[in-house]
Structure formats: C-alpha cells, structure tokens
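Q: Just so it is clear, I am handing over model.cif, which has mmCIF, C-alpha atoms.
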```cif
data_start
#
loop_
_atom_site.label_atom_id
_atom_site.label_comp_id
_atom_site.auth_asym_id
_atom_site.auth_seq_id
_atom_site.Cartn_x
_atom_site.Cartn_y
_atom_site.Cartn_z
CA GLU W 362 80.96 165.09 139.12
CA LYS W 363 79.21 166.24 142.29
CA ASN W 364 80.93 163.57 144.37
CA LYS W 365 84.27 164.43 142.80
CA SER W 366 83.78 168.13 143.55
CA GLN W 367 82.91 167.39 147.18
CA PHE W 368 85.88 165.06 147.47
CA MET W 369 88.33 167.61 146.10
CA ARG W 370 87.11 170.14 148.63
CA GLY W 371 87.92 167.56 151.27
CA VAL W 372 91.50 166.98 150.09
CA LYS W 373 92.38 170.62 150.64
CA ARG W 374 92.57 169.87 154.34
CA LYS W 375 95.14 167.69 156.03
CA ARG W 376 94.69 164.84 158.48
CA THR W 377 97.84 163.99 160.42
CA THR W 378 96.67 161.46 162.98
CA THR W 379 99.64 159.28 163.91
CA LEU W 380 99.93 156.13 165.95
CA ALA W 381 102.39 155.76 168.81
CA VAL W 382 103.52 152.14 168.87
CA ASP W 383 105.61 150.63 171.66
CA ASP W 384 108.78 148.63 171.14
CA ILE W 385 107.03 145.26 171.27
CA GLU W 386 104.15 145.81 168.91
CA ASP W 387 106.06 147.39 166.01
CA LEU W 388 103.81 147.55 162.97
CA CYS W 389 106.75 147.11 160.63
CA SER W 390 107.97 143.91 162.25
CA ASP W 391 107.74 140.57 160.46
CA ASP W 392 105.95 138.69 163.17
CA GLU W 393 103.78 140.64 165.52
CA VAL W 394 101.42 143.57 165.61
CA ASP W 395 99.18 144.36 168.55
CA VAL W 396 97.88 147.88 168.18
CA LYS W 397 97.43 149.77 171.43
CA LYS W 398 96.25 153.33 171.98
CA GLY W 399 97.51 156.02 169.62
CA THR W 400 98.36 159.67 170.07
CA LYS W 401 97.42 162.52 167.84
CA LYS W 402 99.55 165.40 166.63
CA THR W 403 97.81 168.41 165.17
CA PRO W 404 100.09 170.73 163.20
CA THR W 405 99.34 174.35 162.47
CA LYS W 406 96.76 174.49 159.70
CA LYS W 407 96.78 176.90 156.80
CA THR W 408 93.83 179.25 156.69
CA PRO W 409 91.39 177.79 154.14
CA ALA W 410 89.61 179.87 151.56
CA LYS W 411 86.27 178.71 152.90
CA LYS W 412 85.62 177.76 156.47
CA SER W 413 84.42 174.18 156.84
CA PRO W 414 82.11 173.03 159.67
CA ALA W 415 83.87 171.99 162.85
CA LYS W 416 84.37 168.26 163.28
CA LYS W 417 84.91 166.08 166.31
CA ALA W 418 88.53 164.97 166.05
CA GLN W 419 88.12 162.27 168.64
CA GLU W 420 85.59 160.28 166.61
CA PRO W 421 87.16 157.43 164.56
CA ILE W 422 86.60 157.61 160.82
CA ASP W 423 86.32 154.57 158.56
CA LEU W 424 88.03 156.01 155.51
CA CYS W 425 87.12 153.09 153.27
CA SER W 426 83.51 152.68 154.36
CA GLU W 427 80.56 152.89 152.02
CA GLU W 428 79.48 156.18 153.63
CA ASP W 429 80.00 159.60 152.05
CA ASN W 430 83.45 160.76 153.12
CA SER W 431 83.37 164.01 151.15
CA SER W 432 83.85 166.08 154.29
CA VAL W 433 86.62 163.98 155.84
CA ASP W 434 89.92 165.74 156.49
CA VAL W 435 92.55 163.93 154.44
CA LYS W 436 96.09 164.47 153.21
CA ASP W 437 96.91 166.51 150.15
CA GLU W 438 97.33 164.84 146.79
CA VAL W 439 95.10 161.86 147.57
CA ALA W 440 94.60 159.61 144.56
CA ILE W 441 90.97 159.39 143.44
CA HIS W 442 89.68 155.83 143.11
CA PRO W 443 86.76 153.80 144.47
CA ALA W 444 86.86 152.65 148.09
CA SER W 445 85.79 149.21 146.85
CA TYR W 446 89.23 148.82 145.26
CA HIS W 447 90.53 147.90 148.72
CA THR W 448 87.83 145.39 149.64
CA PHE W 449 87.22 141.75 148.66
CA THR W 450 84.28 140.58 146.60
CA PRO W 451 82.51 137.37 147.73
CA GLU W 452 84.18 135.53 144.85
CA GLU W 453 87.60 136.81 145.91
CA VAL W 454 86.98 135.77 149.51
CA ASP W 455 86.16 132.22 148.40
CA LEU W 456 89.22 132.10 146.16
CA MET W 457 91.47 133.50 148.89
CA ARG W 458 90.37 130.84 151.37
CA GLU W 459 90.53 127.95 148.92
CA LYS W 460 93.89 128.79 147.36
CA LEU W 461 95.63 129.81 150.56
CA LEU W 462 94.57 126.76 152.59
CA ALA W 463 95.45 124.37 149.76
CA TRP W 464 98.88 125.98 149.52
CA TYR W 465 99.36 125.87 153.30
CA ASP W 466 98.51 122.16 153.46
CA VAL W 467 101.50 121.51 151.20
CA VAL W 468 104.20 123.97 152.28
CA GLN W 469 103.60 124.69 155.98
CA ARG W 470 106.79 124.85 158.00
CA VAL W 471 107.34 122.55 160.97
CA MET W 472 107.46 124.48 164.24
CA PRO W 473 107.46 122.98 167.74
CA TRP W 474 104.36 125.00 168.75
CA ARG W 475 102.44 124.38 165.49
CA LYS W 476 99.91 121.57 165.25
CA PRO W 477 100.30 119.92 161.81
CA SER W 478 97.21 120.01 159.60
CA PRO W 479 95.65 116.60 158.78
CA VAL W 480 96.15 117.05 155.02
CA TRP W 481 99.85 117.86 155.53
CA VAL W 482 100.31 114.80 157.76
CA GLN W 483 98.66 112.57 155.17
CA ASN W 484 100.64 113.83 152.18
CA ASN W 485 104.04 114.58 153.70
CA PRO W 486 106.65 111.78 154.11
CA LYS W 487 107.47 113.10 157.60
CA GLY W 488 103.84 113.65 158.49
CA GLN W 489 103.29 110.62 160.72
CA SER W 490 106.54 111.19 162.58
CA ARG W 491 105.66 114.82 163.21
CA GLN W 492 102.15 113.89 164.33
CA SER W 493 103.62 111.42 166.82
CA GLU W 494 105.92 114.11 168.22
CA TRP W 495 102.98 116.44 168.60
CA ASP W 496 100.80 113.86 170.35
CA ASN W 497 103.57 113.08 172.85
CA ARG W 498 104.40 116.66 173.84
CA GLU W 499 104.34 117.44 177.57
CA TRP W 500 102.80 120.91 177.40
CA ASP W 501 99.31 122.24 176.71
CA HIS W 502 98.63 123.54 173.20
CA ALA W 503 97.15 126.86 174.31
CA TYR W 504 100.03 127.55 176.69
CA GLY W 505 102.56 126.71 173.98
CA VAL W 506 100.93 129.03 171.44
CA LEU W 507 100.74 131.84 174.01
CA VAL W 508 104.45 131.50 174.81
CA SER W 509 105.47 131.26 171.15
CA GLU W 510 103.39 134.23 170.04
CA ILE W 511 104.85 136.49 172.72
CA MET W 512 108.36 135.27 171.86
CA LEU W 513 107.73 135.92 168.16
CA GLN W 514 107.02 139.59 168.76
CA GLN W 515 109.93 141.42 167.10
CA THR W 516 111.84 138.13 166.71
CA GLN W 517 112.22 135.74 163.78
CA VAL W 518 111.01 132.13 163.89
CA ALA W 519 114.49 130.63 163.46
CA THR W 520 115.70 132.46 166.56
CA VAL W 521 112.68 131.61 168.69
CA ILE W 522 112.68 127.81 168.19
CA ASN W 523 115.60 127.03 170.54
CA TYR W 524 114.40 129.50 173.15
CA PHE W 525 110.90 128.04 173.02
CA GLN W 526 112.15 124.48 173.52
CA LYS W 527 114.34 125.50 176.46
CA TRP W 528 111.45 127.45 177.99
CA MET W 529 109.03 124.54 177.76
CA GLU W 530 111.61 122.17 179.23
CA THR W 531 112.06 124.54 182.17
CA TRP W 532 108.40 125.45 182.69
CA PRO W 533 106.15 122.93 180.86
CA THR W 534 102.98 124.18 182.57
CA VAL W 535 101.35 127.46 183.51
CA GLU W 536 101.61 126.47 187.17
CA ALA W 537 105.35 125.87 186.94
CA LEU W 538 105.93 129.28 185.35
CA SER W 539 103.71 131.03 187.89
CA LYS W 540 106.01 129.82 190.68
CA ALA W 541 109.22 131.00 188.99
CA ASP W 542 110.98 134.19 190.08
CA GLN W 543 111.63 136.96 187.58
CA ASP W 544 115.41 136.60 187.67
CA SER W 545 115.14 132.95 186.60
CA VAL W 546 112.74 133.89 183.82
CA ASN W 547 115.09 136.63 182.59
CA ALA W 548 118.00 134.18 182.60
CA VAL W 549 116.20 131.77 180.26
CA TRP W 550 115.03 134.68 178.12
CA ALA W 551 118.52 136.22 177.86
CA GLY W 552 119.39 136.96 174.24
CA LEU W 553 115.85 137.38 172.88
CA GLY W 554 115.73 141.08 173.81
CA TYR W 555 112.70 143.18 174.74
CA TYR W 556 112.71 141.71 178.23
CA ARG W 557 109.35 143.23 179.04
CA ARG W 558 107.87 140.25 177.16
CA ALA W 559 109.45 137.85 179.67
CA ARG W 560 107.91 139.81 182.53
CA PHE W 561 104.53 139.76 180.82
CA LEU W 562 104.70 135.99 180.33
CA ARG W 563 105.39 135.38 183.99
CA GLU W 564 102.61 137.81 185.00
CA CYS W 565 100.29 136.02 182.57
CA ALA W 566 101.05 132.68 184.22
CA VAL W 567 100.34 134.11 187.68
CA GLU W 568 97.01 135.52 186.50
CA LEU W 569 96.05 132.33 184.65
CA GLN W 570 96.80 130.18 187.67
CA LYS W 571 94.91 132.49 190.01
CA THR W 572 91.83 133.20 187.87
CA TYR W 573 91.50 130.23 185.50
CA GLY W 574 93.20 127.39 187.37
CA GLY W 575 96.09 127.32 184.91
CA LYS W 576 93.91 127.11 181.78
CA VAL W 577 94.25 129.63 178.96
CA PRO W 578 90.82 131.15 178.17
CA GLU W 579 89.23 130.65 174.76
CA THR W 580 87.77 134.01 173.73
CA PRO W 581 89.67 137.10 172.58
CA GLU W 582 87.75 139.19 175.11
CA LEU W 583 89.10 137.21 178.06
CA LEU W 584 92.58 136.86 176.58
CA LEU W 585 92.84 140.64 176.18
CA LYS W 586 92.57 141.00 179.95
CA LEU W 587 95.86 139.17 180.47
CA PRO W 588 99.09 141.16 181.01
CA GLY W 589 100.91 141.91 177.76
CA VAL W 590 98.28 140.29 175.52
CA GLY W 591 97.08 142.54 172.72
CA LYS W 592 94.62 142.13 169.88
CA TYR W 593 96.98 140.08 167.69
CA THR W 594 98.03 137.58 170.37
CA ALA W 595 94.43 137.17 171.53
CA GLY W 596 93.33 136.46 167.96
CA ALA W 597 96.16 133.99 167.40
CA VAL W 598 95.50 131.91 170.51
CA SER W 599 91.72 132.01 170.07
CA SER W 600 91.72 130.97 166.40
CA ILE W 601 94.70 128.59 166.30
CA VAL W 602 93.96 126.68 169.50
CA TYR W 603 90.20 126.94 169.95
CA GLY W 604 89.00 127.43 166.36
CA LYS W 605 87.29 130.75 167.02
CA VAL W 606 86.52 132.69 163.84
CA THR W 607 88.56 135.77 164.61
CA PRO W 608 91.18 137.60 162.54
CA LEU W 609 94.73 138.58 163.39
CA VAL W 610 97.03 141.23 161.98
CA ASP W 611 100.81 141.18 162.27
CA GLY W 612 103.64 142.54 160.13
CA ASN W 613 103.33 139.68 157.63
CA VAL W 614 99.57 140.10 157.29
CA ILE W 615 99.96 143.86 156.82
CA ARG W 616 102.42 143.29 154.00
CA VAL W 617 100.20 140.71 152.25
CA LEU W 618 97.02 142.76 152.52
CA SER W 619 98.80 145.96 151.49
CA ARG W 620 99.85 144.32 148.25
CA VAL W 621 96.78 142.20 147.53
CA ARG W 622 94.53 145.26 147.93
CA ALA W 623 97.08 147.96 146.89
CA ILE W 624 96.70 150.05 150.02
CA GLY W 625 98.76 153.16 149.43
CA SER W 626 98.75 154.77 152.86
CA ASP W 627 101.01 154.93 155.89
CA VAL W 628 100.65 151.59 157.70
CA THR W 629 101.12 153.26 161.09
CA GLN W 630 98.04 155.44 160.66
CA THR W 631 95.16 154.43 162.91
CA SER W 632 92.71 154.49 159.99
CA THR W 633 94.95 152.18 157.95
CA ILE W 634 95.31 149.71 160.81
CA ASN W 635 91.54 149.68 161.24
CA LEU W 636 91.21 148.82 157.55
CA PHE W 637 93.68 145.92 157.87
CA TRP W 638 91.65 144.43 160.72
CA LYS W 639 88.45 144.90 158.73
CA LEU W 640 89.94 143.15 155.69
CA ALA W 641 91.42 140.30 157.75
CA GLY W 642 88.05 139.76 159.39
CA SER W 643 86.29 139.62 156.03
CA ILE W 644 88.43 136.79 154.64
CA VAL W 645 89.16 134.53 157.63
CA SER W 646 87.90 130.99 157.00
CA GLU W 647 84.88 129.90 159.02
CA GLU W 648 85.82 126.21 158.74
CA ARG W 649 89.56 126.50 159.50
CA PRO W 650 90.21 129.94 161.03
CA GLY W 651 93.42 128.93 162.79
CA ASP W 652 94.99 127.32 159.74
CA PHE W 653 93.90 130.22 157.55
CA ASN W 654 95.46 132.81 159.88
CA GLN W 655 98.68 130.82 160.00
CA ALA W 656 98.61 130.45 156.21
CA LEU W 657 98.26 134.21 155.79
CA MET W 658 101.27 134.81 158.04
CA GLU W 659 103.19 132.00 156.33
CA LEU W 660 102.58 133.63 152.96
CA GLY W 661 104.04 136.90 154.20
CA ALA W 662 107.01 135.22 155.85
CA THR W 663 108.04 132.93 152.98
CA VAL W 664 106.61 134.27 149.69
CA CYS W 665 105.38 137.86 150.04
CA THR W 666 108.60 138.95 151.73
CA PRO W 667 109.66 142.57 152.33
CA LYS W 668 112.42 142.90 149.73
CA SER W 669 112.37 139.87 147.42
CA PRO W 670 108.80 138.57 147.03
CA SER W 671 108.27 135.46 144.89
CA CYS W 672 105.14 136.49 143.02
CA SER W 673 105.46 133.59 140.58
CA THR W 674 104.83 131.09 143.41
CA CYS W 675 102.11 133.10 145.16
CA PRO W 676 98.82 131.16 145.37
CA VAL W 677 96.67 134.33 145.29
CA LYS W 678 98.48 136.43 142.69
CA GLU W 679 95.47 136.39 140.35
CA ILE W 680 93.56 138.66 142.74
CA CYS W 681 96.57 140.70 143.87
CA HIS W 682 96.22 144.35 142.85
CA ALA W 683 99.94 145.06 143.28
CA PHE W 684 100.82 142.14 140.99
CA ASN W 685 98.28 143.39 138.45
CA GLU W 686 99.81 146.87 138.60
CA VAL W 687 103.21 145.38 137.75
CA THR W 688 101.64 143.39 134.91
CA GLU W 689 100.00 146.55 133.56
CA ASN W 690 103.34 148.35 133.74
CA ASN W 691 105.00 145.63 131.68
CA LYS W 692 102.21 145.72 129.09
CA SER W 693 102.27 149.51 128.76
CA GLY W 694 106.05 149.68 128.53
CA GLY W 695 106.32 151.73 131.70
CA LYS W 696 103.89 154.46 130.62
CA ASN W 697 101.94 156.06 133.44
CA LYS W 698 98.46 154.80 132.68
CA ASN W 699 95.77 154.35 135.31
CA THR W 700 95.04 150.73 136.14
CA LYS W 701 91.56 149.45 135.25
CA GLN W 702 89.35 149.21 138.34
CA GLU W 703 86.24 147.15 138.68
CA ASN W 704 82.94 149.01 139.10
CA GLU W 705 84.70 152.38 138.72
CA ASP W 706 81.70 153.77 136.78
CA THR W 707 79.12 152.75 139.36
CA ASP W 708 81.02 153.04 142.66
CA THR W 709 80.39 156.56 143.99
CA SER W 710 82.19 156.02 147.32
CA LEU W 711 85.72 157.35 146.98
CA CYS W 712 88.75 156.21 148.93
CA THR W 713 90.12 158.96 151.14
CA LEU W 714 92.86 156.80 152.61
CA CYS W 715 95.53 156.41 149.94
CA THR W 716 98.24 158.96 149.24
CA THR W 717 99.50 157.26 146.05
CA PRO W 718 97.69 156.83 142.74
CA ILE W 719 96.48 153.47 141.45
CA GLU W 720 98.71 153.06 138.42
CA PRO W 721 101.16 150.63 136.81
CA THR W 722 104.21 150.14 139.01
CA LEU W 723 107.64 148.54 138.65
CA ASP W 724 107.57 146.38 141.75
CA VAL W 725 105.06 145.10 144.32
CA THR W 726 107.46 146.25 147.04
CA LYS W 727 105.91 149.68 146.52
CA TYR W 728 103.52 148.33 149.15
CA PRO W 729 103.26 148.66 152.08
CA MET W 730 104.00 152.35 152.24
CA LYS W 731 107.08 153.03 154.33
CA ALA W 732 106.47 154.95 157.54
CA LYS W 733 108.81 157.78 158.42
CA LYS W 734 111.19 156.68 161.15
CA LYS W 735 111.78 158.86 164.14
CA PRO W 736 115.40 159.93 164.63
CA PRO W 737 117.19 158.14 167.49
CA ARG W 738 117.10 159.93 170.82
CA GLU W 739 120.44 160.75 172.42
CA GLN W 740 120.70 160.48 176.19
CA ASP W 741 123.58 161.49 178.42
CA THR W 742 124.01 159.22 181.43
CA ILE W 743 126.41 159.46 184.34
CA VAL W 744 127.42 156.04 185.69
CA CYS W 745 129.16 155.37 189.01
CA ILE W 746 131.21 152.18 189.32
CA LEU W 747 131.97 151.55 192.96
CA SER W 748 134.12 148.58 193.95
CA ILE W 749 135.30 147.33 197.32
CA PHE W 750 138.28 145.02 197.57
CA ASN W 751 138.62 142.55 200.44
CA PRO W 752 142.34 141.69 200.77
CA GLU W 753 141.73 138.91 203.30
CA LEU W 754 139.49 136.97 200.88
CA ASP W 755 141.17 138.37 197.77
CA GLU W 756 137.72 139.26 196.39
CA GLU W 757 136.29 142.37 194.78
CA TYR W 758 132.69 143.51 195.22
CA PHE W 759 130.66 145.91 193.07
CA LEU W 760 127.68 148.02 194.01
CA LEU W 761 124.60 147.30 191.86
CA VAL W 762 121.09 148.75 191.93
CA GLN W 763 117.89 147.33 190.48
CA ARG W 764 116.04 149.24 187.76
CA PRO W 765 112.37 150.15 188.26
CA ALA W 766 109.70 147.50 187.69
CA ASP W 767 108.41 149.37 184.63
CA GLY W 768 110.11 150.91 181.63
CA LEU W 769 113.30 150.06 179.76
CA LEU W 770 115.12 146.93 181.03
CA ALA W 771 112.64 146.70 183.90
CA GLY W 772 113.92 144.89 186.99
CA PHE W 773 117.47 144.51 185.70
CA TRP W 774 120.58 145.14 187.80
CA GLU W 775 123.05 147.84 186.84
CA PHE W 776 125.71 150.22 188.15
CA PRO W 777 124.19 153.32 189.81
CA SER W 778 123.42 155.93 187.17
CA ILE W 779 121.41 159.07 186.47
CA ASP W 780 120.20 160.50 183.18
CA VAL W 781 121.12 164.14 182.65
CA GLU W 782 120.31 166.83 180.13
CA GLN W 783 123.17 168.07 178.01
CA LYS W 784 122.90 171.49 179.62
CA ASP W 785 123.41 169.97 183.09
CA THR W 786 126.89 170.01 184.53
CA HIS W 787 128.76 166.86 185.48
CA ALA W 788 128.78 168.16 189.06
CA LYS W 789 125.21 166.97 189.33
#
```
Now, as a test, write the supplied structure out as structure tokens.
A:
Amino acid sequence: EKNKSQFMRGVKRKRTTTLAVDDIEDLCSDDEVDVKKGTKKTPTKKTPAKKSPAKKAQEPIDLCSEEDNSSVDVKDEVAIHPASYHTFTPEEVDLMREKLLAWYDVVQRVMPWRKPSPVWVQNNPKGQSRQSEWDNREWDHAYGVLVSEIMLQQTQVATVINYFQKWMETWPTVEALSKADQDSVNAVWAGLGYYRRARFLRECAVELQKTYGGKVPETPELLLKLPGVGKYTAGAVSSIVYGKVTPLVDGNVIRVLSRVRAIGSDVTQTSTINLFWKLAGSIVSEERPGDFNQALMELGATVCTPKSPSCSTCPVKEICHAFNEVTENNKSGGKNKNTKQENEDTDTSLCTLCTTPIEPTLDVTKYPMKAKKKPPREQDTIVCILSIFNPELDEEYFLLVQRPADGLLAGFWEFPSIDVEQKDTHAK
C-alpha cells in the first residue's frame, strides 16, 4: 500500500520526453532502427497541490528497473503492474532461444547477403546448391552485410535484392567502392530513395580503405565510428558476420518484443527504446548470436507482422503476453478483467512506463503502441527554369545547380530555386 501510494503521487506529474528520429532510422519501419540523439519538449505544467523536489531532467531514467521509481515523472493514467511483467525469466530466455533458432533453421528465407545456417543446408532440398552459391561469391561477407543493412533501412527485402546484386556486381570490394564518384553511386542507387544512405556507403568505403585497409572492423564500438552506421547496423554486422554477442533492435524486433512482453508505451519514447535494447540484450543467444538476431527479425517480418500476424504459427506464442491477453479475452467473453501476472504479490517494483492497462484484449496488434505522426510540413518554393537554345546545333541547354552536400537530396542537381515563407512576396 505504501508503494502504491508513492506511485500514485508520481503519476500526477507528466513526462513528455520525445525522440526526434531522422528519415533513415524510423522506429516504425519494418527493417531498420538506429536510434540517434533525441530532443526534449517540456510543456507548461499544471501547478501541483504539493511541490515535489526538483529533479535533473537530463539524467536518463530506467523506467522498468528494479529501483524505486515512485518519484519518477510519468504520464497520467499509467496502468499499475509489476515492472517484471516486461522482462524475461531465465526459463523464458532459454525457451526463446531454443524455439526461435529451431524455427529459423527450418523457415529462413534465402537472401543473397545471408549465409545459410548448417542445419538449414542439411535439411533443405536446395541447401547444397545454396551453400555452393555462397562459397563461390566474389565479395566479402562483412562488406555484403554492411551494404545490405544500409539498403534495408526504410526499404523492404524484396525491393533490395536486385539493387544489392547490381551494387555488388559494380563494386564487389570496399576498395572498388572507395574509388567511385558520388554521381555513379547515386545512379546505381536510383529508385531506392533516401539517397543519404548511398552517400554514407561511399564515405564508409573511403574510411574503411583508409583506416582498416578495406576490412570491416569486428566490434560495435569501431563500427559506430563509420559514417552513417548506427547502433542497429553495428550490432547486425558484429553479430551476423563475426559472432559477437550483441543485440540489435529494428522495426521488426520492436514489434515482436512489444507483443511478447506487452509493452504499452509509445515506441518513440527514449525510455521505451532503452527498454527494447535491454530486452534484446537479455535474450540474444551466446552460441549463435547472428542467427538469433536474424531469427528475431525474420519472426517480425514473416509471422509477427504489423496488421495480420499469424499467432498460430508463432514459435514463441506460449510466452507471449499479448497472445495470452487475447486468450484471456476469449475465455472471459470480452469482459474487462485484469490479466493474471506472475509474482504480482511479491514484486514491489512498479512499471512506470506503460500508458495502457494489462487486460484482456481483442487483438495482439494493440502492440506496439502507435506514435502520433507529425503533420506534413508545407513549403513554398520558387523555381527558375532557364534554357538557352543554340540554333546552329539545334540543341537546347538548361541551367542546373548542385544541392548542398548535406540535407535533403544532398549533392543532387536541380533547377535554381529558393524556399520562401508564405508571407514573402513572389518579387523576392
């Protein structure tokens, strides 16, 4: 009762820390999430009945830690339940690893950058043929994974495959890419969008050739120093290629973990993202970290999908809280009855992260919680199209200017233009 009273005093205050995410590392994408620095917005607070001690806003808070969070500023109407509801027990970790890897060894998709697992090769009719293709490839595994992971940011696998193959045919080595000019790189990239990724890849190759002799480093710490490489990409390359026991979190992983642990909070919140990384790190396999990470993403991409998940074929549904909530809803006939939680009588650490109650639900797609989308920004632009006609050669020429090296469509060529405010006159 004391803990509950302290907690309820805490929920009277609001916490509105939000995360600013750039166009590449969109947390709601299906393939990639590399979390960069966030920004904080502090709205006007209502005057509380009792003044609480001042707190350091810049200090990160682990909202699902085992520490007493009774004084943490949280959102209104937070559902009261144990923080342990969002963590994995040792038994669940073992089950997650065993079930997920066994499933992956059977159903893994063939991708040109993916090394087939030995069990899949042995049991699949096309296994030996695929293994032969892999052994005879002309490019380095680490380089291939780096290219594919950057291409997969904001882009689906089916779209990336052809682009990846064309890329590796054009630049099969880090050295070859480092010598390419940006216009050539953009030409091969054309159609994938988010062209900043193409610039980052070329800059990566230049840095790799200069600093590492064309070899992709093994550790996440060194990979994070490369242009355009964030926490996700570093974890992917390190675990998949070099077998380092390190987690990764992308849109698919966020969706799986949100449902398996019933995380009812905004997935763009910094505290929620920190929890996802903590959970992913707690379950990654020590024997097969790369295969496990790929299996986790594969589960999100093929089974635990955004709109039509196939819970009946999910290998880990028995420990999935969202699935259990649906089951409870079916048993109770839709009545709003709190779901049974393990250790709820003994766990005194309360979750201050969720904004939805733990209760029977109609569908697992309740998770992850949908983030509020920002309205599109309107921009007025004045464009000048200047042409010169040469009658002797019967040719027409157009004036083009190159965009800045940074920002939207960096380095691209366009007609001269200026952005104006709506209040500005066209005379400008």
Q: May I ask for the distance between atom CA of Gly625 of chain W and atom CA of Leu711 of chain W, given in Å to one decimal place?
A: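 Rounded to one decimal, the two atoms are 13.9 Å apart.
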Q: So which residues fall inside 10 Å of (93.8, 128.5, 165.1) if we count only C-alpha atoms? Mind giving them as JSON, numbers by chain?
A: {"W": [475, 476, 503, 506, 596, 597, 598, 599, 600, 601, 602, 603, 604, 605, 606, 607, 608, 649, 650, 651, 652, 653, 654, 655]}
Q: Can you tell me, as a PyMOL selection string, what residues are no more than 8 Å from Leu462 of chain W when counting all atoms listed in the file, ignoring any on the same chain fewer than 3 positions away?
A: chain W and resi 458-459+465-466+652-653+656
Q: Could you list, as number ranges by chain, every residue within 12 Å of Val664 of chain W, counting all atoms listed in the file and ignoring same-chain residues fewer than 3 positions away?
A: W: 461, 464-465, 468-469, 613-614, 616-617, 656-661, 667-678
Q: Pick the closest to Gln526 of chain W from W:Val546, W:Val480, W:Met472, W:Val725: which is it, counting only C-alpha atoms?
A: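 Checking each candidate against Gln526 of chain W, we get W:Met472 as the closest.
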Q: Which centre and edge lengths in Å to one decimal define the box along x, y and z that fits every listed atom of segment 476-484 of chain W plus 3 Å per side, as lines of an AutoDock Vina configuration file?
A:
```
center_x = 98.1
center_y = 117.1
center_z = 158.7
size_x = 11.0
size_y = 15.0
size_z = 19.1
```
Q: Residue by residue, what does the PyMOL selection byres ((chain W and resi 500) around 10) grab here? Present the result as a list of chain:residue names.
A: W:Trp474, W:Trp495, W:Asn497, W:Arg498, W:Glu499, W:Asp501, W:His502, W:Ala503, W:Tyr504, W:Gly505, W:Met529, W:Glu530, W:Trp532, W:Pro533, W:Thr534, W:Val535
Q: Which residues come within 9 Å of Gly554 of chain W, counting all atoms listed in the file, excluding same-chain residues fewer than 3 positions away, as a list in words?
A: Gln515, Thr516, Trp550, Ala551, Arg557 and Arg558 of chain W
Q: For Asp611 of chain W, which residue out of W:Asn751, W:Asn485, W:Gln514, W:Thr531 is the nearest one, using only C-alpha atoms?
A: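 Using only C-alpha atoms, the shortest distance to Asp611 of chain W belongs to W:Gln514.
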Q: Atom CA of Ala766 of chain W to atom CA of Val744 of chain W: how many Å, to one decimal?
A: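 If I compute the distance from atom CA of Ala766 of chain W to atom CA of Val744 of chain W, I get 19.8 Å.
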Q: Find the residue from W:Thr666, W:Ser539, W:Ser626, W:Asn635 that sits nearest to Thr726 of chain W; use all atoms listed in the file when measuring.
A: W:Thr666
Q: Would you compute the distance between atom CA of Leu761 of chain W and atom CA of Ile749 of chain W? Give it in Å to one decimal.
A: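 Between atom CA of Leu761 of chain W and atom CA of Ile749 of chain W the gap works out to 12.0 Å.
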Q: Apply the PyMOL selection byres ((chain W and resi 733-741) around 6) to the displayed file and report the matching residues as a list in words.
A: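 This file gives the following for the PyMOL selection byres ((chain W and resi 733-741) around 6): Ala732, Thr742, Asp780 and Val781 of chain W.
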Q: Once the PyMOL selection byres ((chain W and resi 571-573) around 12) has been evaluated on this model, what residues remain selected, and can you format them as an MDAnalysis selection string?
A: chainID W and resid 535:536 539:540 564:570 574:579 583:584 586:587
Q: Go through W:Val508, W:Met730, W:Ala662, W:Ile746 one by one, measure the shortest atom-to-atom distance of each to Thr633 of chain W using all atoms listed in the file, and give the residue with the smallest value.
A: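 Of all the options, W:Met730 lies closest to Thr633 of chain W.
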